[in-house]
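Here is my_file_22.txt, consisting of compact mmCIF, C-alpha atoms:
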```
# COMPACT_ATOMS: atom_id res chain seq x y z
CA MET A 1 60.80 -4.90 -103.56
CA TYR A 2 57.91 -2.40 -103.56
CA ASN A 3 58.49 -1.71 -99.83
CA GLU A 4 62.01 -0.53 -100.62
CA HIS A 5 60.68 1.52 -103.53
CA LEU A 6 58.02 3.18 -101.40
CA THR A 7 60.54 3.78 -98.62
CA ASP A 8 62.90 5.54 -101.01
CA TYR A 9 60.09 7.74 -102.26
CA ILE A 10 58.90 8.58 -98.72
CA GLU A 11 62.44 9.36 -97.55
CA GLY A 12 62.92 11.71 -100.50
CA HIS A 13 59.68 13.65 -99.92
CA PHE A 14 58.80 13.47 -96.23
CA LYS A 15 61.29 16.26 -95.46
CA GLU A 16 58.93 18.58 -97.35
CA CYS A 17 56.22 17.79 -94.78
CA LEU A 18 58.31 19.09 -91.85
CA LYS A 19 58.50 22.61 -90.62
CA PRO A 20 61.96 24.26 -90.50
CA GLY A 21 64.14 23.79 -87.44
CA ILE A 22 62.81 20.36 -86.46
CA SER A 23 65.42 18.41 -84.50
CA PHE A 24 63.62 15.06 -84.54
CA VAL A 25 64.93 12.71 -87.23
CA PRO A 26 62.75 10.16 -89.08
CA GLU A 27 63.90 6.52 -89.28
CA TYR A 28 63.28 4.44 -92.38
CA TYR A 29 62.81 0.78 -93.27
CA PRO A 30 64.75 -1.46 -92.94
CA HIS A 31 66.96 0.47 -90.49
CA ILE A 32 64.38 1.24 -87.80
CA PRO A 33 65.70 -0.12 -84.46
CA GLY A 34 63.54 -2.84 -82.99
CA LYS A 35 63.35 -1.14 -79.60
CA HIS A 36 62.00 2.04 -81.21
CA LEU A 37 59.32 0.05 -83.00
CA GLU A 38 58.36 -1.75 -79.81
CA LYS A 39 57.90 1.56 -77.97
CA ALA A 40 55.84 3.05 -80.79
CA VAL A 41 53.67 -0.08 -81.06
CA LYS A 42 53.11 0.00 -77.31
CA HIS A 43 51.90 3.61 -77.31
CA PHE A 44 50.37 4.61 -80.64
CA LEU A 45 51.34 2.45 -83.61
CA LYS A 46 48.37 0.06 -83.48
CA THR A 47 48.43 -1.46 -86.97
CA GLU A 48 45.13 -2.81 -88.24
CA ARG A 49 46.72 -5.79 -89.99
CA GLU A 50 49.49 -8.11 -88.89
CA ASP A 51 51.18 -8.07 -92.29
CA GLU A 52 51.73 -4.29 -92.31
CA THR A 53 55.35 -3.18 -92.67
CA VAL A 54 56.47 0.07 -91.04
CA LEU A 55 58.32 2.08 -93.70
CA MET A 56 58.93 5.23 -91.65
CA LEU A 57 58.83 6.11 -87.93
CA PHE A 58 58.92 9.74 -86.84
CA ASP A 59 59.08 9.75 -83.02
CA THR A 60 58.25 13.22 -81.65
CA SER A 61 58.30 12.30 -77.94
CA LEU A 62 61.04 13.42 -75.59
CA PHE A 63 63.95 11.00 -75.21
CA SER A 64 62.50 8.83 -78.00
CA LYS A 65 60.02 7.09 -75.72
CA GLY A 66 57.68 6.34 -78.62
CA LYS A 67 54.67 7.94 -76.97
CA ASN A 68 53.91 10.38 -79.81
CA GLY A 69 54.72 10.69 -83.48
CA LEU A 70 53.84 9.74 -87.02
CA ALA A 71 54.37 6.43 -88.77
CA ILE A 72 53.86 5.37 -92.38
CA THR A 73 53.37 1.70 -93.22
CA ASP A 74 52.93 0.09 -96.61
CA GLN A 75 49.16 0.36 -96.08
CA ALA A 76 48.38 3.32 -93.81
CA VAL A 77 49.47 6.43 -91.91
CA TYR A 78 49.27 6.62 -88.08
CA PHE A 79 49.53 9.77 -85.98
CA LYS A 80 49.35 10.73 -82.31
CA ASP A 81 50.28 13.95 -80.56
CA MET A 82 50.74 14.41 -76.85
CA PHE A 83 47.18 15.66 -76.33
CA GLY A 84 45.06 13.17 -78.28
CA GLY A 85 44.61 9.56 -79.19
CA THR A 86 45.94 7.64 -82.18
CA GLN A 87 44.44 8.56 -85.56
CA SER A 88 44.92 6.62 -88.80
CA VAL A 89 44.05 6.71 -92.49
CA ARG A 90 44.48 3.89 -94.99
CA PHE A 91 45.84 4.43 -98.49
CA ARG A 92 43.15 2.16 -99.94
CA GLY A 93 40.37 4.52 -98.95
CA TRP A 94 42.16 7.83 -99.55
CA ARG A 95 40.37 10.20 -101.94
CA ALA A 96 42.83 12.61 -103.52
CA GLY A 97 41.60 16.20 -103.50
CA LYS A 98 38.85 15.42 -101.00
CA ASP A 99 40.42 13.86 -97.94
CA GLU A 100 42.72 15.88 -95.72
CA THR A 101 44.95 14.85 -92.83
CA GLU A 102 43.70 17.86 -90.89
CA GLN A 103 40.32 16.15 -90.54
CA LEU A 104 41.33 12.48 -90.68
CA LEU A 105 44.52 12.58 -88.59
CA LYS A 106 43.70 15.71 -86.57
CA ILE A 107 46.91 17.43 -87.75
CA SER A 108 46.06 21.14 -87.71
CA ASN A 109 48.04 23.95 -89.29
CA GLU A 110 49.16 24.89 -85.81
CA ASN A 111 51.04 21.63 -85.39
CA PRO A 112 54.62 22.63 -84.46
CA MET A 113 56.30 19.99 -86.65
CA ILE A 114 54.17 18.76 -89.55
CA LEU A 115 52.74 20.64 -92.51
CA SER A 116 49.44 18.87 -93.14
CA PRO A 117 48.97 20.08 -96.77
CA PHE A 118 52.32 18.59 -97.79
CA LEU A 119 51.45 15.37 -95.96
CA ASP A 120 48.17 15.26 -97.91
CA LYS A 121 50.18 15.54 -101.12
CA LEU A 122 52.60 12.78 -100.06
CA ILE A 123 49.75 10.42 -99.23
CA ALA A 124 48.10 11.12 -102.59
CA GLU A 125 51.39 10.40 -104.41
CA ILE A 126 51.86 7.15 -102.49
CA CYS A 127 48.32 6.11 -103.50
CA THR A 128 49.16 6.93 -107.16
CA ILE A 129 52.28 4.76 -106.99
CA LYS A 130 50.40 1.88 -105.43
CA THR A 131 47.63 2.16 -108.03
CA TYR A 132 50.10 2.37 -110.94
CA GLU A 133 52.10 -0.65 -109.76
CA GLY A 134 48.98 -2.66 -108.98
CA LEU A 135 49.82 -2.81 -105.32
CA PHE A 136 46.25 -2.28 -104.22
CA GLU A 137 45.14 -5.28 -106.27
CA GLN A 138 47.99 -7.30 -104.82
CA GLU A 139 47.03 -6.26 -101.31
CA ASP A 140 43.40 -7.10 -102.01
CA ALA A 141 44.42 -10.53 -103.28
CA GLU A 142 46.64 -11.06 -100.25
CA MET A 143 43.88 -9.92 -97.94
CA LYS A 144 41.39 -12.22 -99.64
CA ALA A 145 43.82 -15.12 -99.38
CA ALA A 146 44.44 -14.30 -95.74
CA GLU A 147 40.72 -14.15 -95.04
CA GLU A 148 40.14 -17.45 -96.84
CA LYS A 149 43.00 -19.02 -94.93
CA ALA A 150 41.62 -17.66 -91.66
CA ALA A 151 38.17 -18.99 -92.58
CA GLU A 152 39.63 -22.42 -93.40
CA GLU A 153 41.58 -22.45 -90.16
CA ALA A 154 38.48 -21.39 -88.24
CA LYS A 155 36.46 -24.12 -89.96
CA ALA A 156 39.16 -26.70 -89.28
CA ALA A 157 39.33 -25.58 -85.65
CA GLU A 158 35.55 -25.78 -85.40
CA GLU A 159 35.50 -29.27 -86.92
CA LYS A 160 38.31 -30.36 -84.62
CA ALA A 161 36.46 -28.95 -81.64
CA ALA A 162 33.30 -30.79 -82.76
CA GLU A 163 35.27 -34.03 -83.15
CA GLU A 164 36.87 -33.59 -79.74
CA LYS A 165 33.46 -32.85 -78.25
CA ALA A 166 31.96 -35.93 -79.91
CA ALA A 167 34.89 -38.04 -78.72
CA GLU A 168 34.50 -36.66 -75.21
CA GLU A 169 30.76 -37.35 -75.25
CA ALA A 170 31.40 -40.88 -76.54
CA LYS A 171 33.97 -41.39 -73.79
CA ILE A 172 31.54 -40.14 -71.18
CA ALA A 173 28.80 -42.40 -72.57
CA GLU A 174 31.20 -45.36 -72.58
CA GLU A 175 32.26 -44.67 -69.00
CA LYS A 176 28.61 -44.32 -67.99
CA ALA A 177 27.73 -47.63 -69.67
CA ALA A 178 30.70 -49.31 -67.99
CA LYS A 179 29.62 -47.95 -64.59
CA GLU A 180 26.02 -49.10 -65.17
CA LYS A 181 27.26 -52.54 -66.22
CA ALA A 182 29.52 -52.76 -63.19
CA ALA A 183 26.65 -51.66 -60.94
CA GLU A 184 24.34 -54.24 -62.53
CA GLU A 185 26.94 -56.98 -62.11
CA ALA A 186 27.50 -55.95 -58.50
CA ARG A 187 23.74 -55.93 -57.89
CA ALA A 188 23.40 -59.39 -59.49
CA ALA A 189 26.31 -60.71 -57.42
CA GLU A 190 24.77 -59.26 -54.27
CA GLU A 191 21.39 -60.84 -55.06
CA ALA A 192 23.08 -64.18 -55.77
CA ALA A 193 24.97 -63.94 -52.49
CA GLU A 194 21.74 -63.11 -50.66
CA GLU A 195 19.98 -66.06 -52.30
CA GLN A 196 22.85 -68.37 -51.40
CA ALA A 197 22.90 -67.09 -47.84
CA ALA A 198 19.12 -67.51 -47.61
CA GLY A 199 19.41 -71.07 -48.95
CA GLU A 200 22.15 -71.92 -46.48
CA THR A 201 20.12 -70.43 -43.65
CA ALA A 202 17.06 -72.43 -44.68
CA ALA A 203 19.12 -75.61 -44.87
CA GLU A 204 20.63 -74.93 -41.46
CA THR A 205 17.17 -74.21 -40.03
CA LYS A 206 15.79 -77.40 -41.54
CA ALA A 207 18.69 -79.45 -40.21
CA ALA A 208 18.28 -77.88 -36.77
CA ASP A 209 14.53 -78.60 -36.83
CA ALA A 210 15.21 -82.19 -37.87
CA LYS A 211 17.75 -82.57 -35.10
CA VAL A 212 15.34 -81.17 -32.55
CA ALA A 213 12.60 -83.49 -33.79
CA GLU A 214 14.97 -86.44 -33.63
CA GLU A 215 16.06 -85.57 -30.13
CA LYS A 216 12.45 -85.13 -29.10
CA LYS A 217 11.54 -88.49 -30.55
CA SER A 218 14.49 -90.08 -28.83
CA ASP A 219 13.41 -88.59 -25.52
CA GLU A 220 9.88 -89.86 -26.05
CA ASP A 221 11.20 -93.36 -26.83
CA ASP A 222 13.29 -93.30 -23.66
CA GLU A 223 10.25 -92.29 -21.63
CA ASP A 224 8.22 -95.18 -23.11
CA ASP A 225 10.97 -97.63 -22.25
CA GLU A 226 11.03 -96.36 -18.67
CA ASP A 227 7.26 -96.76 -18.41
CA ASP A 228 7.49 -100.35 -19.64
CA ASP A 229 10.20 -101.09 -17.11
CA ASP A 230 8.08 -99.67 -14.33
CA ASP A 231 5.16 -101.87 -15.36
CA ASP A 232 7.35 -104.94 -15.36
CA ASP A 233 8.63 -104.06 -11.91
CA ASP A 234 5.08 -103.73 -10.62
CA ASP A 235 4.15 -107.11 -12.04
CA ASP A 236 7.14 -108.69 -10.41
CA ASP A 237 6.24 -107.11 -7.12
CA ASP A 238 2.70 -108.43 -7.42
CA ASP A 239 3.97 -111.88 -8.24
CA GLU A 240 6.32 -111.80 -5.31
CA SER A 241 3.58 -110.59 -2.94
CA GLY A 242 1.15 -113.22 -4.13
CA GLY A 243 3.71 -116.00 -3.78
CA SER A 244 4.62 -114.88 -0.30
CA LEU A 245 1.01 -114.86 0.76
CA ALA A 246 0.44 -118.33 -0.55
CA LEU A 247 3.45 -119.59 1.26
CA GLN A 248 2.25 -117.98 4.45
CA LEU A 249 -1.18 -119.62 4.09
CA LEU A 250 0.39 -122.94 3.35
CA GLY A 251 2.63 -122.61 6.38
CA ALA A 252 -0.37 -121.75 8.52
CA VAL A 253 -2.30 -124.80 7.29
CA ILE A 254 0.60 -127.10 7.96
CA SER A 255 1.08 -125.55 11.37
CA VAL A 256 -2.57 -126.11 12.25
CA ALA A 257 -2.54 -129.62 11.01
CA SER A 258 0.40 -130.57 13.02
CA ASP A 259 -1.00 -129.07 16.19
CA PRO A 260 -2.31 -132.00 18.38
CA THR A 261 -4.68 -129.84 20.13
CA TYR A 262 -6.50 -128.87 16.99
CA GLU A 263 -9.37 -131.12 16.19
```
How does the structure come out when it is put into structure tokens?
Amino acid sequence: MYNEHLTDYIEGHFKECLKPGISFVPEYYPHIPGKHLEKAVKHFLKTEREDETVLMLFDTSLFSKGKNGLAITDQAVYFKDMFGGTQSVRFRGWRAGKDETEQLLKISNENPMILSPFLDKLIAEICTIKTYEGLFEQEDAEMKAAEEKAAEEAKAAEEKAAEEKAAEEAKIAEEKAAKEKAAEEARAAEEAAEEQAAGETAAETKAADAKVAEEKKSDEDDEDDEDDDDDDDDDDDDDESGGSLALQLLGAVISVASDPTYE
């Protein structure tokens, strides 16, 4: 409700801050067109807090492009002319009788539209209303709550990030362990296969050596048998030769004996 109350007060007194003959018309909350706000926000209405509500928008740019003007929110005043940058002053820090918009907002007496002394007075009256109704305390409490909420959200986000990081590191460690285990198993299987292959090769070599030895022995046995056969053949030949000779001698003796001329 206090936004409506402040808006009513601003609407009733802002006209005093304008020089005569001004054709630009201020727009007030809650009837400020969204497109007008978007243009002003794009060019000069850079609010310091997200929860600020724009109570009045005074667009002084040609064709209402929102490039220049003055805006009053529930917490501050923003101003930009066509030659300078955006200036702002917050109600919370305003010192009545000491602060002036001429220095803080760069609104000189030569400004063609705004009377800075009357704007100073309006700001001071708004600060008095906010102080009397306890709005500053309410804003402080809201700001504190917002800061605490932001801190809690930041802490929660940090904890979540830490948990996600820990989970990611655990996952990486688990994957690394699994890869090492798989590599170890593969290495063990390879060594077992090599041992098996070596054993099979040794067995094959041993069998081949045994076969060669057996064949060699068999060949040697065959050679011995052939030698024995040759010896037997020689003996038979000797026997046959000796028998033949004896028969020849016997035949010769008989032949001599039967010869009548042999005496």
Checklist outcome for this item: Between A:Thr60, A:Ser23, A:Thr7, A:Ser108, smallest distance to Ile72 in chain A by all atoms listed in the file belongs to A:Thr7
Checklist entry - Expressed in Å to a single decimal, how great is the separation between CA of Ala166 in chain A and CA of Glu180 in chain A? => result 20.6 Å
Item to check | Residue with smallest distance to Thr131 in chain A - pool A:Arg49, A:Lys179, A:Arg92, A:Lys65, counting only C-alpha atoms | outcome: A:Arg92
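Among the candidates A:Asp219, A:Asp59, A:Glu125, A:Glu195, the residue lying nearest to Pro33 in chain A is A:Asp59 (atoms considered: all atoms listed in the file).
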Item to check | 12 Å contact set for Phe14 in chain A, all atoms listed in the file, chain neighbours under 5 positions out, as a PyMOL selection string | outcome: chain A and resi 6-9+19+25-28+55-58+70-72+113-123+125-126
Checklist entry - Quick one: distance from CA of Lys106 in chain A to CA of Val77 in chain A in Å, one decimal? => result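 Value for the CA of Lys106 in chain A-CA of Val77 in chain A distance: 12.2 Å.
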Checklist entry - What separation in Å, quoted to one decimal, exists between CA of Ser88 in chain A and CA of Thr73 in chain A? => result 10.7 Å
Checklist entry - Looking at all atoms listed in the file, which of A:His31, A:Lys171, A:Lys80, A:Lys217 is the one that sits closest to Asn111 in chain A? => result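 Under the stated criterion, the closest residue is A:Lys80.
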Checklist entry - Leaving out Arg90 in chain A and any residue of its chain fewer than 2 positions from it, which residues lie within 6 Å of it when counting all atoms listed in the file, given as a list in words? => result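 Neighbouring residues, sequence-local ones excluded: Gln75, Ala76, Arg92 and Gly93 of chain A.
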Checklist entry - So which residues are close to (52.0, 4.5, -80.2), meaning at most 8 Å away in the file's coordinates with all atoms listed in the file counted, and can you show them as a ChimeraX atom specification? => result /A:39-46,66-69,80,86
Item to check | Leu105 in chain A surroundings by all atoms listed in the file, 8 Å radius, close-in-sequence under 4 positions cut, as a PyMOL selection string | outcome: chain A and resi 78-79+87-89+101
